[in-house]
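Visitor: As input, take final.txt (compact mmCIF, C-alpha atoms):
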# COMPACT_ATOMS: atom_id res chain seq x y z
CA MET A 122 147.86 87.81 85.34
CA HIS A 123 150.01 89.55 87.95
CA SER A 124 148.28 91.32 90.82
CA PRO A 125 148.07 95.12 90.65
CA ILE A 126 150.83 97.10 92.36
CA THR A 127 149.78 100.21 94.24
CA GLY A 128 151.92 103.11 95.35
CA THR A 129 152.57 106.80 94.94
CA ALA A 130 154.76 108.64 92.46
CA ALA A 131 155.78 112.15 93.54
CA GLY A 132 152.60 112.28 95.62
CA VAL A 133 150.33 110.90 92.89
CA PRO A 134 148.66 107.57 93.74
CA PHE A 135 148.86 104.85 91.12
CA THR A 136 147.71 101.34 90.30
CA ALA A 137 150.24 99.55 88.11
CA LEU A 138 149.60 96.42 86.05
CA PRO A 139 152.83 94.62 85.08
CA PRO A 140 153.44 92.74 81.85
CA VAL A 141 154.35 89.09 81.76
CA GLY A 142 158.09 88.60 82.31
CA ASP A 143 160.80 90.50 84.12
CA ALA A 144 162.47 92.49 81.35
CA ALA A 145 162.16 96.27 81.18
CA THR A 146 159.24 97.09 78.89
CA PRO A 147 157.49 100.19 77.56
CA LEU A 148 155.15 102.21 79.75
CA ILE A 149 151.54 103.27 79.18
CA VAL A 150 150.16 105.87 81.60
CA THR A 151 146.46 106.59 82.08
CA TRP A 152 144.21 109.17 83.74
CA HIS A 153 140.72 108.09 84.77
CA MET A 154 137.30 109.70 84.41
CA LEU A 155 135.39 111.67 87.04
CA ASP A 156 132.35 109.59 86.12
CA ALA A 157 132.59 105.88 86.92
CA PRO A 158 135.29 104.56 87.01
CA ARG A 159 136.54 107.51 89.05
CA SER A 160 139.70 106.16 90.66
CA ASP A 161 142.96 104.71 89.39
CA ALA A 162 142.10 101.27 90.80
CA ALA A 163 138.62 101.26 89.24
CA PHE A 164 139.96 102.48 85.88
CA ALA A 165 142.58 99.72 85.93
CA ALA A 166 139.79 97.17 86.41
CA ALA A 167 137.65 98.68 83.64
CA LEU A 168 140.47 99.01 81.08
CA PRO A 169 143.31 96.70 82.17
CA MET A 170 144.69 96.21 78.63
CA ASN A 171 145.90 92.77 79.67
CA GLY A 172 148.25 91.00 77.29
CA LEU A 173 150.13 94.09 76.18
CA PRO A 174 153.92 93.77 76.56
CA ALA A 175 153.97 97.00 78.55
CA TRP A 176 153.47 98.30 82.07
CA ARG A 177 150.10 100.03 82.45
CA VAL A 178 150.28 102.61 85.21
CA HIS A 179 146.94 104.20 86.09
CA LEU A 180 147.34 107.54 87.88
CA GLY A 181 144.86 109.03 90.34
CA MET A 182 143.28 112.39 89.52
CA PRO A 183 143.15 115.18 92.14
CA MET A 184 140.61 114.64 94.95
CA CYS A 185 139.77 111.16 93.66
CA GLY A 186 140.49 107.66 94.97
CA ALA A 187 143.25 107.81 97.56
CA ARG A 188 143.19 111.62 97.34
CA MET A 189 139.52 111.98 98.27
CA VAL A 190 138.99 114.38 101.18
CA ASP A 191 137.55 112.51 104.20
CA GLY A 192 137.03 109.45 102.02
CA THR A 193 134.30 111.00 99.85
CA MET A 194 133.90 113.03 96.66
CA ASP A 195 132.03 115.72 98.60
CA ALA A 196 134.89 118.24 98.51
CA GLY A 197 135.11 117.98 94.73
CA ALA A 198 131.34 118.32 94.46
CA GLU A 199 131.48 121.49 96.54
CA LEU A 200 134.09 122.97 94.18
CA MET A 201 131.81 122.06 91.29
CA ARG A 202 128.93 123.94 92.89
CA LYS A 203 131.18 126.94 93.60
CA ASP A 204 132.42 127.33 90.01
CA VAL A 205 132.34 124.32 87.70
CA LEU A 206 135.04 125.65 85.39
CA MET A 207 137.47 127.76 87.42
CA ALA A 208 137.25 125.87 90.73
CA PHE A 209 136.82 122.36 89.35
CA LEU A 210 137.40 121.38 85.71
CA TYR A 211 140.25 123.73 84.80
CA PRO A 212 142.38 123.31 87.98
CA PHE A 213 141.88 119.52 87.96
CA VAL A 214 143.28 119.22 84.43
CA ARG A 215 146.02 121.76 85.12
CA GLN A 216 147.16 120.04 88.32
CA ALA A 217 147.13 116.55 86.80
CA THR A 218 149.20 117.79 83.85
CA GLU A 219 151.67 119.80 85.90
CA GLU A 220 152.34 117.00 88.40
CA PHE A 221 152.91 114.43 85.66
CA PRO A 222 156.62 115.00 84.80
CA ALA A 223 157.67 114.41 88.40
CA ALA A 224 155.31 111.43 88.68
CA LEU A 225 156.75 109.95 85.50
CA ALA A 226 160.30 110.31 86.81
CA SER A 227 159.27 108.58 90.05
CA ILE A 228 157.56 105.75 88.16
CA ARG A 229 160.76 105.17 86.21
CA GLU A 230 162.67 104.93 89.49
CA GLN A 231 160.22 102.48 91.06
CA LEU A 232 159.26 100.15 88.20
CA PRO A 233 161.35 98.27 85.60
CA VAL A 234 160.11 100.27 82.63
CA ASP A 235 162.34 101.26 79.75
CA ASP A 236 163.40 104.85 79.12
CA GLY A 237 161.81 105.17 75.68
CA PRO A 238 158.66 107.01 74.57
CA ILE A 239 155.50 106.26 76.55
CA GLY A 240 151.88 105.62 75.65
CA ILE A 241 149.16 107.73 77.25
CA LEU A 242 145.43 107.21 77.72
CA GLY A 243 142.72 109.38 79.27
CA GLY A 244 139.01 108.93 79.87
CA SER A 245 136.57 111.88 79.99
CA LEU A 246 138.31 114.65 82.02
CA GLY A 247 141.39 112.43 82.09
CA GLY A 248 141.27 112.65 78.31
CA ALA A 249 141.82 116.39 78.60
CA VAL A 250 144.92 115.65 80.68
CA ALA A 251 146.27 113.26 78.03
CA LEU A 252 145.60 115.80 75.27
CA ARG A 253 147.23 118.59 77.29
CA VAL A 254 150.32 116.42 77.83
CA LEU A 255 150.46 115.97 74.05
CA ALA A 256 149.86 119.63 73.30
CA GLU A 257 151.93 121.34 75.98
CA THR A 258 154.83 119.08 77.00
CA ASP A 259 157.80 117.61 75.17
CA ILE A 260 157.52 114.19 76.83
CA PRO A 261 158.20 111.60 74.07
CA ILE A 262 155.00 109.66 73.29
CA PHE A 263 154.74 106.69 70.93
CA ALA A 264 150.92 106.63 70.85
CA ALA A 265 147.95 108.15 72.67
CA ALA A 266 144.28 107.33 73.12
CA VAL A 267 141.28 109.05 74.67
CA VAL A 268 137.86 107.64 75.58
CA ASN A 269 134.72 109.82 75.68
CA ALA A 270 137.13 112.66 76.20
CA ALA A 271 136.75 116.29 77.26
CA ILE A 272 138.09 117.59 73.93
CA ARG A 273 136.53 121.05 74.09
CA MET A 274 136.12 122.15 77.71
CA ARG A 275 133.35 124.54 76.67
CA SER A 276 131.28 121.49 75.65
CA VAL A 277 131.83 119.97 79.11
CA VAL A 278 130.80 123.17 80.89
CA ASN A 279 127.61 123.19 78.82
CA LEU A 280 126.68 119.77 80.25
CA PHE A 281 126.11 121.37 83.67
CA PRO A 282 122.83 123.14 84.51
CA GLY A 283 122.49 126.85 83.89
CA GLU A 284 124.35 129.30 81.69
CA TYR A 285 127.97 129.68 82.76
CA PRO A 286 128.92 133.34 83.51
CA TYR A 287 132.09 133.66 81.45
CA ASP A 288 134.45 136.58 82.04
CA ALA A 289 137.85 137.39 80.51
CA GLU A 290 139.73 134.97 82.80
CA SER A 291 137.35 132.05 82.35
CA GLU A 292 137.15 132.63 78.57
CA LYS A 293 140.94 132.37 78.42
CA ALA A 294 140.90 129.22 80.58
CA VAL A 295 138.22 127.42 78.59
CA ASP A 296 139.82 128.34 75.27
CA SER A 297 143.16 126.97 76.50
CA MET A 298 141.48 123.57 76.69
CA ASP A 299 140.03 123.51 73.20
CA PHE A 300 142.12 120.69 71.83
CA VAL A 301 140.64 120.82 68.36
CA ALA A 302 142.36 124.21 68.12
CA LYS A 303 145.62 122.50 69.19
CA ALA A 304 145.37 119.72 66.60
CA ASP A 305 148.67 120.60 64.91
CA THR A 306 150.61 120.05 68.15
CA ILE A 307 148.60 117.02 69.25
CA SER A 308 149.38 115.33 65.94
CA ARG A 309 152.98 114.72 67.09
CA ALA A 310 151.86 111.21 68.13
CA PRO A 311 149.28 108.80 66.70
CA LEU A 312 145.94 109.29 68.48
CA LEU A 313 142.96 106.93 68.85
CA VAL A 314 139.72 108.74 69.71
CA VAL A 315 137.22 106.29 71.21
CA SER A 316 133.67 107.62 71.23
CA GLY A 317 130.66 105.88 72.71
CA GLU A 318 127.70 106.02 70.37
CA LEU A 319 125.49 106.89 73.38
CA ASP A 320 127.88 109.51 74.81
CA HIS A 321 126.77 113.13 75.12
CA PRO A 322 126.10 114.42 71.58
CA ALA A 323 128.42 117.43 71.97
CA LEU A 324 131.29 115.19 73.05
CA ARG A 325 130.68 112.88 70.11
CA THR A 326 130.77 115.89 67.75
CA ASP A 327 134.02 117.09 69.34
CA ALA A 328 135.55 113.63 68.85
CA ILE A 329 134.76 113.73 65.12
CA ASP A 330 136.06 117.30 64.84
CA LEU A 331 139.35 116.41 66.54
CA VAL A 332 140.01 113.45 64.25
CA ASP A 333 139.14 115.54 61.20
CA ALA A 334 141.41 118.38 62.36
CA ILE A 335 144.39 116.09 63.00
CA GLY A 336 144.07 114.07 59.83
CA GLN A 337 146.02 110.92 59.02
CA THR A 338 147.63 110.34 62.43
CA ALA A 339 144.26 110.13 64.22
CA GLU A 340 141.57 107.46 64.09
CA LEU A 341 137.99 107.47 65.36
CA GLN A 342 136.70 104.30 67.05
CA PRO A 343 132.93 104.33 67.74
CA ILE A 344 131.71 101.90 70.40
CA PRO A 345 128.06 100.75 69.97
CA GLY A 346 125.98 100.84 73.14
CA LEU A 347 128.53 102.84 75.16
CA ALA A 348 127.25 105.86 77.07
CA HIS A 349 129.65 108.18 78.93
CA PRO A 350 130.67 106.03 81.96
CA LEU A 351 132.73 102.87 81.63
CA ALA A 352 131.60 101.28 84.92
CA ASP A 353 128.61 101.12 87.23
CA GLU A 354 128.29 103.46 90.20
CA PRO A 355 129.82 104.19 92.63
CA GLY A 356 132.88 103.61 90.46
CA ILE A 357 135.53 104.04 93.17
CA ASP A 358 136.52 100.43 93.85
CA PRO A 359 137.51 97.88 91.20
CA ALA A 360 134.47 96.17 89.68
CA PRO A 361 133.82 93.50 87.03
CA GLN A 362 134.41 94.76 83.50
CA LEU A 363 131.20 95.75 81.70
CA PRO A 364 130.62 94.47 78.14
CA GLN A 365 131.01 97.93 76.60
CA ALA A 366 134.21 98.53 78.57
CA ARG A 367 135.47 95.19 77.24
CA ASP A 368 134.93 96.50 73.71
CA VAL A 369 136.88 99.68 74.53
CA ASP A 370 139.62 97.59 76.14
CA ALA A 371 139.96 95.44 73.02
CA ALA A 372 140.25 98.53 70.81
CA LEU A 373 142.95 99.99 73.08
CA ILE A 374 144.93 96.75 73.14
CA ALA A 375 144.91 96.60 69.34
CA TRP A 376 145.89 100.28 69.04
CA PHE A 377 148.80 100.23 71.47
CA GLN A 378 150.02 96.85 70.19
CA ARG A 379 150.20 98.30 66.69
CA HIS A 380 152.34 101.23 67.85
CA LEU A 381 154.59 99.52 70.39
CA ALA A 382 157.15 98.92 67.63
CA ASN A 383 157.83 102.67 67.69
CA THR A 384 159.31 102.38 71.18
CA ASP A 385 162.39 100.55 69.90
Can you present the structure in this file as structure tokens?

Guide:
Amino acid sequence: MHSPITGTAAGVPFTALPPVGDAATPLIVTWHMLDAPRSDAAFAAALPMNGLPAWRVHLGMPMCGARMVDGTMDAGAELMRKDVLMAFLYPFVRQATEEFPAALASIREQLPVDDGPIGILGGSLGGAVALRVLAETDIPIFAAAVVNAAIRMRSVVNLFPGEYPYDAESEKAVDSMDFVAKADTISRAPLLVVSGELDHPALRTDAIDLVDAIGQTAELQPIPGLAHPLADEPGIDPAPQLPQARDVDAALIAWFQRHLANTD
């Protein structure tokens, strides 16, 4: 396999895995988790999707990986303590979504990818980014997948200690990231919803609800033995692929391979 290529695209760090051969090929873009693996490089190691005839470009989320403040996740943790929704979860997803069109244009300038529809993949909070790209942009997408995704942001907020003090602004923000409610728009591309059988129960319920709401263009893929993370801590640097991550990787390869014909 080719070595990973690292760089930045409109200020967004990336780890790119090239296909075999030199011809321009389709592009699959990913957004990583904030649990392990919590950087683009670590996510690329956990879910490399090797063997696909496509570039896999793993983007870094805000304040993660190369964008960590002072080389640690402490700044992000402080935002979480300040206000888990309005200072942390909501702006992270919003920023990653809003910076994507420019990053995509830069990727196309830097790498020999074709100009057709792209594939997208997100894990956990990165799954919310992928779903928001589907729901709120017109970027052509041939297929999408999410893994242990933040499908209803209210469910994610409820994972944190204490009762969140919602007001009118935060109610509006959290409802804007209820992707079950946006199922009609999300259904514009085939969607694989990968759900670890040991993931948080609320997230597993949301995964089922999303697939049911979308209908025929969505598929649910349970993964036995998979909890929420896809890698061991600390999850910042590339690490050997865990058995459960290998199962997720195989499901993603099969899914995107099936839909690559739609990029012609």

Visitor: Need the shell around His153 of chain A: protein/DNA/RNA residues with any atom at most 10 Å away, counting all atoms listed in the file. Skip same-chain ones fewer than 2 positions apart. Format as a list in words?

Guide: Thr151, Leu155, Asp156, Ala157, Pro158, Arg159, Ser160, Asp161, Ala162, Ala163, Phe164, Ala165, Ala167, Leu168, His179, Leu180, Gly181, Met182, Cys185, Leu242, Gly243, Gly244, Ser245, Leu246, Gly247, Gly248, Val250 and Val268 of chain A

Visitor: Tell me which of A:Ala166, A:Ala208, A:Met154, A:Leu324 sits closest to Ser124 of chain A, counting all atoms listed in the file.

Guide: A:Ala166

Visitor: Here is a test: counting all atoms listed in the file, which residue of A:Ile335, A:Met298, A:Ala137, A:Leu173 is nearest to Pro212 of chain A?

Guide: A:Met298

Visitor: In Å, how far is it from atom CA of Asp333 of chain A to atom CA of Arg367 of chain A?

Guide: 26.2 Å

Visitor: For atom CA of Val150 of chain A and atom CA of Ile228 of chain A, quote the distance in Å rounded to one decimal.

Guide: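 Here the two named atoms are 9.9 Å from each other.
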
Visitor: How many Å separate atom CA of Pro147 of chain A from atom CA of Ile329 of chain A?

Guide: 29.2 Å

Visitor: Tell me, as a list of chain:residue names, which residues lie within 10 Å of Gln231 of chain A, counting all atoms listed in the file; anything in the same chain fewer than 6 positions away does not count.

Guide: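 Contacts, with the query itself left out: A:Gly128, A:Thr129, A:Ala130, A:Leu225.
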
Visitor: Find, counting all atoms listed in the file, the residue in A:Leu313, A:Tyr285, A:Leu255, A:Arg325 that gets nearest to Arg202 of chain A.

Guide: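 Under the stated criterion, the closest residue is A:Tyr285.
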
Visitor: I want to know what sits within 8 Å of Ile149 of chain A, based on only C-alpha atoms, with residues of the same chain fewer than 3 positions away left out; could you give that as a list of chain:residue names?

Guide: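 So, after excluding close chain neighbours, the residues are A:Ala175, A:Trp176, A:Arg177, A:Val178, A:Ile239, A:Gly240, A:Ile241, A:Leu242.
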
Visitor: Within 12 Å of (143.6, 123.0, 71.2), only C-alpha atoms: residues as a PyMOL selection string?

Guide: chain A and resi 249+252-257+271-275+294-308+327+330-331+334-335

Visitor: Choose the residue, out of A:Glu284, A:Asp236, A:Asp320, A:Asp259, that has the smallest atom-to-atom separation from Pro222 of chain A; count all atoms listed in the file.

Guide: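 Of A:Glu284, A:Asp236, A:Asp320, A:Asp259, the one nearest Pro222 of chain A is A:Asp259, counting all atoms listed in the file.
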
Visitor: Quick one: residues within 12 Å of Met201 of chain A, only C-alpha atoms counted, chain neighbours fewer than 2 positions away excluded, as JSON, numbers by chain?

Guide: {"A": [155, 194, 195, 196, 197, 198, 199, 203, 204, 205, 206, 207, 208, 209, 210, 211, 212, 213, 278, 281, 282]}

Visitor: Using all atoms listed in the file for the distances, tell me which of A:Gln337, A:Arg188, A:Val141, A:Pro343 is nearest to Ile357 of chain A.

Guide: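 That would be A:Arg188, the residue with the smallest distance to Ile357 of chain A.
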
Visitor: Could you check which of A:Leu373, A:Arg215, A:Pro169, A:Arg309 is closest to Pro361 of chain A, using only C-alpha atoms?

Guide: A:Pro169

Visitor: Starting from 3 Å padding per side, set up an axis-aligned box that covers all listed atoms of segment 250-259 of chain A and hand over centre and edge lengths in Å, one decimal, as lines of an AutoDock Vina configuration file.

Guide:
center_x = 151.4
center_y = 117.3
center_z = 77.0
size_x = 18.9
size_y = 14.1
size_z = 13.4
